[in-house]
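**Q** Quick one: the structure is below, questions incoming.
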Amino acid sequence: MSFSNENTAAHHLYALIARVRSSTEGNVSSAWSEVLGAEWGSHEFARRHSEVVTLLQMTIRQVSALPERARIRCERHVGAWWVAVMQPAINWMDESRALQSIIDDDKLDHLEFTADLISGNLGGSDAAPRSADLSEMVDRCNEWIELLTSMDEREIDGPVRDQLISQLRHLIWLINNAGLFGGARVAEEASTVIGSLAQTGASLVNVREENASRWKKALLALVAACVVFNQASPILQESLTVGESLVREIASVVEDFQEEG
(Lines give C-alpha, C1' and ligand atoms only; values in the text may rest on other atoms or scores of the structure.)
Protein backbone atom coordinates (compact mmCIF):
# COMPACT_ATOMS: atom_id res chain seq x y z
CA MET A 1 0.00 0.00 0.00
CA SER A 2 1.33 3.47 -0.89
CA PHE A 3 1.22 6.36 1.57
CA SER A 4 0.81 10.11 1.09
CA ASN A 5 1.29 13.17 3.30
CA GLU A 6 0.15 15.59 0.59
CA ASN A 7 -3.34 14.31 -0.10
CA THR A 8 -5.46 17.20 1.16
CA ALA A 9 -7.75 19.43 -0.87
CA ALA A 10 -5.44 22.35 -0.11
CA HIS A 11 -2.36 20.54 -1.46
CA HIS A 12 -4.09 19.86 -4.76
CA LEU A 13 -5.58 23.34 -4.93
CA TYR A 14 -2.07 24.73 -4.44
CA ALA A 15 -0.67 22.48 -7.18
CA LEU A 16 -3.39 23.46 -9.67
CA ILE A 17 -3.06 27.21 -9.06
CA ALA A 18 0.74 26.96 -9.23
CA ARG A 19 0.52 25.16 -12.58
CA VAL A 20 -1.83 27.80 -13.99
CA ARG A 21 0.47 30.54 -12.75
CA SER A 22 3.53 28.99 -14.39
CA SER A 23 1.77 28.04 -17.64
CA THR A 24 3.22 29.22 -20.95
CA GLU A 25 -0.28 29.75 -22.37
CA GLY A 26 -1.29 33.28 -23.33
CA ASN A 27 -4.27 33.85 -21.06
CA VAL A 28 -6.12 32.55 -18.03
CA SER A 29 -8.69 30.51 -19.97
CA SER A 30 -6.03 28.71 -21.99
CA ALA A 31 -3.91 28.07 -18.91
CA TRP A 32 -6.82 26.51 -17.01
CA SER A 33 -7.74 24.46 -20.09
CA GLU A 34 -4.18 23.14 -20.26
CA VAL A 35 -3.99 22.32 -16.56
CA LEU A 36 -7.42 20.67 -16.41
CA GLY A 37 -7.05 18.85 -19.72
CA ALA A 38 -10.38 20.13 -21.04
CA GLU A 39 -11.44 22.54 -23.78
CA TRP A 40 -12.47 26.00 -22.60
CA GLY A 41 -16.26 26.39 -22.58
CA SER A 42 -16.95 22.66 -22.80
CA HIS A 43 -19.06 20.60 -20.41
CA GLU A 44 -15.92 18.80 -19.27
CA PHE A 45 -14.15 22.09 -18.51
CA ALA A 46 -17.12 23.24 -16.42
CA ARG A 47 -17.16 19.92 -14.60
CA ARG A 48 -13.46 20.01 -13.83
CA HIS A 49 -13.25 23.66 -12.85
CA SER A 50 -16.26 23.12 -10.55
CA GLU A 51 -14.16 20.51 -8.77
CA VAL A 52 -11.42 23.11 -8.28
CA VAL A 53 -14.03 25.32 -6.60
CA THR A 54 -14.98 22.35 -4.42
CA LEU A 55 -11.34 21.98 -3.37
CA LEU A 56 -11.43 25.62 -2.29
CA GLN A 57 -14.65 25.07 -0.34
CA MET A 58 -13.13 22.04 1.39
CA THR A 59 -10.00 24.00 2.26
CA ILE A 60 -12.05 26.80 3.81
CA ARG A 61 -14.04 24.32 5.92
CA GLN A 62 -10.91 22.48 7.03
CA VAL A 63 -9.19 25.71 8.00
CA SER A 64 -12.09 26.22 10.42
CA ALA A 65 -11.08 22.98 12.16
CA LEU A 66 -7.51 24.13 12.85
CA PRO A 67 -6.36 25.40 16.27
CA GLU A 68 -7.41 29.00 16.78
CA ARG A 69 -4.09 30.77 16.15
CA ALA A 70 -3.44 28.76 12.98
CA ARG A 71 -7.04 29.24 11.84
CA ILE A 72 -6.89 33.02 12.20
CA ARG A 73 -3.57 33.20 10.36
CA CYS A 74 -4.80 31.06 7.46
CA GLU A 75 -8.19 32.74 7.12
CA ARG A 76 -6.46 36.03 6.21
CA HIS A 77 -5.53 34.55 2.83
CA VAL A 78 -8.80 32.84 1.86
CA GLY A 79 -9.94 35.80 -0.25
CA ALA A 80 -6.76 35.70 -2.32
CA TRP A 81 -7.18 31.97 -2.99
CA TRP A 82 -10.77 32.54 -4.10
CA VAL A 83 -9.66 35.30 -6.50
CA ALA A 84 -6.95 32.99 -7.92
CA VAL A 85 -9.56 30.35 -8.73
CA MET A 86 -12.39 32.61 -9.93
CA GLN A 87 -10.58 35.70 -11.32
CA PRO A 88 -13.87 37.65 -11.18
CA ALA A 89 -12.49 41.07 -12.14
CA ILE A 90 -10.59 40.22 -15.33
CA ASN A 91 -11.26 38.99 -18.85
CA TRP A 92 -10.04 35.40 -18.91
CA MET A 93 -9.16 35.86 -22.60
CA ASP A 94 -6.93 38.91 -21.96
CA GLU A 95 -3.47 38.09 -23.28
CA SER A 96 -1.91 41.29 -21.93
CA ARG A 97 -2.22 40.12 -18.34
CA ALA A 98 0.61 38.00 -16.92
CA LEU A 99 -0.53 34.70 -15.45
CA GLN A 100 1.74 35.25 -12.45
CA SER A 101 -0.57 38.09 -11.41
CA ILE A 102 -3.48 35.78 -10.49
CA ILE A 103 -1.95 35.43 -7.01
CA ASP A 104 1.07 36.78 -5.14
CA ASP A 105 3.95 34.48 -4.18
CA ASP A 106 3.25 35.09 -0.51
CA LYS A 107 -0.45 34.17 -0.76
CA LEU A 108 0.36 31.01 -2.72
CA ASP A 109 3.05 30.00 -0.22
CA HIS A 110 0.51 30.41 2.56
CA LEU A 111 -1.82 28.01 0.76
CA GLU A 112 0.89 25.36 0.75
CA PHE A 113 1.62 26.09 4.42
CA THR A 114 -2.09 25.73 5.19
CA ALA A 115 -2.18 22.40 3.38
CA ASP A 116 0.65 21.12 5.58
CA LEU A 117 -1.19 22.31 8.70
CA ILE A 118 -4.36 20.50 7.64
CA SER A 119 -2.39 17.34 6.94
CA GLY A 120 -0.67 17.54 10.32
CA ASN A 121 -3.85 18.21 12.29
CA LEU A 122 -6.37 16.07 10.39
CA GLY A 123 -4.21 13.23 9.07
CA GLY A 124 -6.02 9.90 8.86
CA SER A 125 -9.42 11.53 8.33
CA ASP A 126 -11.24 12.13 5.06
CA ALA A 127 -9.70 15.63 5.08
CA ALA A 128 -6.20 14.17 4.84
CA PRO A 129 -6.19 10.50 3.81
CA ARG A 130 -2.95 8.65 4.47
CA SER A 131 -3.20 6.20 1.58
CA ALA A 132 -2.99 6.78 -2.17
CA ASP A 133 -4.39 3.36 -3.14
CA LEU A 134 -7.94 3.67 -4.46
CA SER A 135 -8.28 0.32 -6.23
CA GLU A 136 -10.37 -1.24 -3.47
CA MET A 137 -12.83 1.65 -3.51
CA VAL A 138 -13.28 1.36 -7.29
CA ASP A 139 -14.13 -2.33 -6.91
CA ARG A 140 -16.69 -1.58 -4.22
CA CYS A 141 -18.31 1.15 -6.35
CA ASN A 142 -18.62 -1.22 -9.30
CA GLU A 143 -20.23 -3.82 -7.03
CA TRP A 144 -22.77 -1.25 -5.93
CA ILE A 145 -23.60 -0.28 -9.51
CA GLU A 146 -24.10 -3.95 -10.34
CA LEU A 147 -26.39 -4.40 -7.33
CA LEU A 148 -28.48 -1.31 -8.08
CA THR A 149 -28.93 -2.14 -11.76
CA SER A 150 -30.14 -5.63 -10.79
CA MET A 151 -32.97 -4.21 -8.64
CA ASP A 152 -36.31 -3.51 -10.29
CA GLU A 153 -38.74 -0.68 -9.52
CA ARG A 154 -40.73 -2.82 -7.10
CA GLU A 155 -37.65 -2.82 -4.86
CA ILE A 156 -36.36 0.71 -5.39
CA ASP A 157 -37.86 3.73 -7.12
CA GLY A 158 -36.26 4.22 -10.55
CA PRO A 159 -35.18 7.88 -10.14
CA VAL A 160 -33.71 7.11 -6.71
CA ARG A 161 -31.75 4.19 -8.14
CA ASP A 162 -30.53 6.30 -11.06
CA GLN A 163 -29.40 9.06 -8.72
CA LEU A 164 -27.40 6.62 -6.60
CA ILE A 165 -25.78 5.15 -9.70
CA SER A 166 -24.94 8.68 -10.88
CA GLN A 167 -23.28 9.43 -7.53
CA LEU A 168 -21.26 6.22 -7.69
CA ARG A 169 -20.14 6.94 -11.23
CA HIS A 170 -19.08 10.44 -10.20
CA LEU A 171 -17.07 8.91 -7.37
CA ILE A 172 -15.35 6.59 -9.85
CA TRP A 173 -14.68 9.60 -12.10
CA LEU A 174 -13.04 11.40 -9.16
CA ILE A 175 -10.94 8.32 -8.42
CA ASN A 176 -9.82 8.24 -12.05
CA ASN A 177 -8.91 11.93 -11.74
CA ALA A 178 -7.32 11.72 -8.30
CA GLY A 179 -4.08 12.99 -9.80
CA LEU A 180 -5.84 16.32 -10.38
CA PHE A 181 -8.23 16.65 -7.47
CA GLY A 182 -6.64 14.41 -4.85
CA GLY A 183 -7.59 11.78 -2.36
CA ALA A 184 -9.37 14.11 0.05
CA ARG A 185 -11.90 15.02 -2.64
CA VAL A 186 -12.47 11.30 -3.27
CA ALA A 187 -12.86 10.65 0.46
CA GLU A 188 -15.40 13.44 0.89
CA GLU A 189 -17.49 12.25 -2.05
CA ALA A 190 -17.29 8.67 -0.76
CA SER A 191 -18.71 9.85 2.57
CA THR A 192 -21.58 11.53 0.73
CA VAL A 193 -22.27 8.37 -1.27
CA ILE A 194 -22.25 6.23 1.88
CA GLY A 195 -24.75 8.58 3.49
CA SER A 196 -27.05 8.40 0.47
CA LEU A 197 -26.88 4.60 0.38
CA ALA A 198 -27.53 4.32 4.12
CA GLN A 199 -30.54 6.67 3.99
CA THR A 200 -31.99 4.94 0.95
CA GLY A 201 -31.47 1.49 2.45
CA ALA A 202 -33.35 2.53 5.57
CA SER A 203 -36.41 3.47 3.51
CA LEU A 204 -36.67 0.36 1.32
CA VAL A 205 -39.56 -1.97 2.21
CA ASN A 206 -40.04 -4.34 -0.73
CA VAL A 207 -36.49 -5.54 -1.27
CA ARG A 208 -35.95 -9.23 -1.86
CA GLU A 209 -34.15 -10.94 1.01
CA GLU A 210 -31.17 -11.72 -1.20
CA ASN A 211 -30.76 -8.10 -2.24
CA ALA A 212 -31.30 -6.83 1.31
CA SER A 213 -28.38 -9.01 2.42
CA ARG A 214 -26.25 -7.83 -0.50
CA TRP A 215 -27.09 -4.20 0.36
CA LYS A 216 -25.83 -4.57 3.94
CA LYS A 217 -22.67 -6.39 2.88
CA ALA A 218 -21.95 -3.88 0.12
CA LEU A 219 -22.40 -0.95 2.53
CA LEU A 220 -20.03 -2.56 5.02
CA ALA A 221 -17.47 -3.23 2.29
CA LEU A 222 -17.57 0.37 1.04
CA VAL A 223 -17.24 1.78 4.56
CA ALA A 224 -14.28 -0.54 5.17
CA ALA A 225 -12.62 0.54 1.92
CA CYS A 226 -12.96 4.19 2.97
CA VAL A 227 -11.49 3.50 6.40
CA VAL A 228 -8.54 1.66 4.86
CA PHE A 229 -7.96 4.55 2.45
CA ASN A 230 -8.21 7.28 5.08
CA GLN A 231 -6.12 5.57 7.74
CA ALA A 232 -3.78 3.51 5.52
CA SER A 233 -4.43 0.63 7.90
CA PRO A 234 -2.26 -2.39 7.10
CA ILE A 235 -4.75 -4.70 8.80
CA LEU A 236 -8.00 -5.05 6.87
CA GLN A 237 -9.74 -6.82 9.74
CA GLU A 238 -9.39 -3.76 11.99
CA SER A 239 -11.01 -1.63 9.30
CA LEU A 240 -13.78 -4.15 8.80
CA THR A 241 -14.51 -4.06 12.52
CA VAL A 242 -14.74 -0.26 12.47
CA GLY A 243 -16.95 -0.35 9.37
CA GLU A 244 -19.23 -3.00 10.81
CA SER A 245 -19.62 -0.98 14.00
CA LEU A 246 -20.59 2.11 11.99
CA VAL A 247 -23.16 0.21 9.94
CA ARG A 248 -24.69 -1.20 13.14
CA GLU A 249 -24.88 2.29 14.65
CA ILE A 250 -26.62 3.61 11.52
CA ALA A 251 -29.11 0.74 11.65
CA SER A 252 -29.76 1.37 15.35
CA VAL A 253 -30.48 5.07 14.77
CA VAL A 254 -32.85 4.24 11.90
CA GLU A 255 -34.72 1.77 14.09
CA ASP A 256 -35.07 4.42 16.84
CA PHE A 257 -36.54 6.91 14.35
CA GLN A 258 -38.94 4.31 13.01
CA GLU A 259 -40.11 3.45 16.53
CA GLU A 260 -40.62 7.13 17.37
CA GLY A 261 -42.60 7.57 14.16
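Identifiers in the C-alpha coordinates: chain A, B, ... in order shown; residue index from 1 per chain; ligand index from 1 in order shown.
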If you take only C-alpha atoms and a cut-off of 12 Å, which residues of stretch 12-87 of chain A touch stretch 168-173 of chain A, and what are their nearest atom pairs and distances in Å to one decimal, in chain and number order, as a tab-separated table?

**A**
```
residue	atom	partner	partner_atom	distance
A:Glu44	CA	A:Trp173	CA	11.7
A:Arg47	CA	A:His170	CA	10.6
A:Arg48	CA	A:Trp173	CA	10.6
A:Glu51	CA	A:His170	CA	11.3
```

**Q** Excluding stretch 9-25 of chain A and its own-chain neighbours fewer than 5 positions away, which residues fall within 8 Å of it when counting only C-alpha atoms? Please give them as a ChimeraX atom specification.

**A** /A:30-32,34-35,52,55-56,58-59,84-85,99-103,108,111-112,114-116,127-128,180-185

**Q** Calculate how many Å separate atom CA of A:Leu122 from atom CA of A:Thr8, rounding to one decimal.

**A** 9.3 Å

**Q** Counting only C-alpha atoms, figure out which residue out of A:Glu210, A:Gly179, A:Ala70, A:Ile145 gets nearest to A:Leu197.

**A** A:Ile145

**Q** Skip A:Asn142 itself and residues of its chain fewer than 4 positions away, then list as a ChimeraX atom specification all residues within 12 Å of it, counting only C-alpha atoms.

**A** /A:135-138,146-149,165-173,218,221-222

**Q** May I have the residues from that selection written out with N, CA and C atoms, as a tab-separated table (two decimals), in the first residue's frame?

**A**
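The file below, again23.tsv, is the result:
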```
chain	number	residue	atom	x	y	z
A	135	SER	N	-7.78	1.46	-5.45
A	135	SER	CA	-8.28	0.32	-6.23
A	135	SER	C	-9.42	-0.40	-5.53
A	136	GLU	N	-9.33	-0.54	-4.22
A	136	GLU	CA	-10.37	-1.24	-3.47
A	136	GLU	C	-11.69	-0.47	-3.54
A	137	MET	N	-11.61	0.85	-3.47
A	137	MET	CA	-12.83	1.65	-3.51
A	137	MET	C	-13.50	1.56	-4.88
A	138	VAL	N	-12.72	1.52	-5.94
A	138	VAL	CA	-13.28	1.36	-7.29
A	138	VAL	C	-14.05	0.05	-7.38
A	146	GLU	N	-23.54	-2.66	-9.91
A	146	GLU	CA	-24.10	-3.95	-10.34
A	146	GLU	C	-25.34	-4.30	-9.52
A	147	LEU	N	-25.25	-4.09	-8.20
A	147	LEU	CA	-26.39	-4.40	-7.33
A	147	LEU	C	-27.60	-3.53	-7.68
A	148	LEU	N	-27.38	-2.23	-7.82
A	148	LEU	CA	-28.48	-1.31	-8.08
A	148	LEU	C	-29.14	-1.58	-9.43
A	149	THR	N	-28.35	-1.87	-10.45
A	149	THR	CA	-28.93	-2.14	-11.76
A	149	THR	C	-29.70	-3.46	-11.80
A	165	ILE	N	-26.74	5.61	-8.70
A	165	ILE	CA	-25.78	5.15	-9.70
A	165	ILE	C	-24.97	6.34	-10.22
A	166	SER	N	-25.63	7.47	-10.42
A	166	SER	CA	-24.94	8.68	-10.88
A	166	SER	C	-23.89	9.11	-9.86
A	167	GLN	N	-24.23	9.07	-8.58
A	167	GLN	CA	-23.28	9.43	-7.53
A	167	GLN	C	-22.09	8.48	-7.53
A	168	LEU	N	-22.34	7.20	-7.67
A	168	LEU	CA	-21.26	6.22	-7.69
A	168	LEU	C	-20.35	6.41	-8.90
A	169	ARG	N	-20.95	6.71	-10.03
A	169	ARG	CA	-20.14	6.94	-11.23
A	169	ARG	C	-19.30	8.21	-11.09
A	170	HIS	N	-19.86	9.22	-10.44
A	170	HIS	CA	-19.08	10.44	-10.20
A	170	HIS	C	-17.91	10.14	-9.26
A	171	LEU	N	-18.15	9.30	-8.27
A	171	LEU	CA	-17.07	8.91	-7.37
A	171	LEU	C	-15.97	8.18	-8.14
A	172	ILE	N	-16.35	7.28	-9.03
A	172	ILE	CA	-15.35	6.59	-9.85
A	172	ILE	C	-14.60	7.58	-10.73
A	173	TRP	N	-15.32	8.56	-11.29
A	173	TRP	CA	-14.68	9.60	-12.10
A	173	TRP	C	-13.65	10.37	-11.27
A	218	ALA	N	-22.59	-4.85	1.00
A	218	ALA	CA	-21.95	-3.88	0.12
A	218	ALA	C	-21.67	-2.57	0.86
A	221	ALA	N	-18.70	-3.15	3.07
A	221	ALA	CA	-17.47	-3.23	2.29
A	221	ALA	C	-17.00	-1.85	1.84
A	222	LEU	N	-17.95	-0.97	1.46
A	222	LEU	CA	-17.57	0.37	1.04
A	222	LEU	C	-17.06	1.20	2.21
```

**Q** One decimal, in Å: what's the spacing between atom CA of A:Arg214 and atom CA of A:Ser196?

**A**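 One can read the atom CA of A:Arg214 to atom CA of A:Ser196 distance as 16.3 Å.
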
**Q** Stretch 58-156 of chain A: which residues are alpha helix (DSSP H) by DSSP, as number ranges by chain?

**A** A: 58-63, 68-75, 78-86, 105-122, 135-150

**Q** If you count only C-alpha atoms, which residues fall within 10 Å of A:Cys74, apart from same-chain ones fewer than 4 positions away, as a PyMOL selection string?

**A** chain A and resi 60+63-64+66+68-70+78+107+110-111+113-115+117

**Q** Under the rule that only C-alpha atoms are counted, which of A:Asn206, A:Ser96, A:Thr192, A:Asn177 is the nearest residue to A:Leu36?

**A**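 Under the stated criterion, the closest residue is A:Asn177.
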
**Q** Using only C-alpha atoms, determine which residues lie at most 7 Å from A:Gln231, disregarding the query and same-chain residues fewer than 2 positions distant; provide the list as a list of chain:residue names.

**A**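 Selected residues are A:Gly124, A:Ser125, A:Pro129, A:Arg130, A:Ser131, A:Val227, A:Val228, A:Phe229, A:Ser233.
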
**Q** Would you mind telling me which residue in A:Arg73, A:Arg97, A:His49, A:His43 lies nearest to A:Asn27 when using only C-alpha atoms?

**A**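 The answer is A:Arg97, which sits nearest to A:Asn27.
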
**Q** When you draw a straight line from atom CA of A:Ser42 to atom CA of A:Asp162, how long is it in Å?

**A**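 Separation of atom CA of A:Ser42 and atom CA of A:Asp162: 24.3 Å.
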
**Q** With distances taken over only C-alpha atoms, which of A:Asp152, A:Thr200, A:Leu174, A:Cys141 is nearest to A:Val223?

**A**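 The answer is A:Cys141, which sits nearest to A:Val223.
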
**Q** Go through A:Ser191, A:Asn91, A:Gln163, A:Asn211 and flag the residue nearest A:Ser150, using only C-alpha atoms for the distances.

**A**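 Answer, going by the shortest atom-to-atom distance: A:Asn211.
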
**Q** Using only C-alpha atoms, find the one residue out of A:Trp82, A:Ala46, A:Val28, A:Asp126 that sits nearest to A:Asp94.

**A**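 Closest to A:Asp94 of all the choices is A:Val28.
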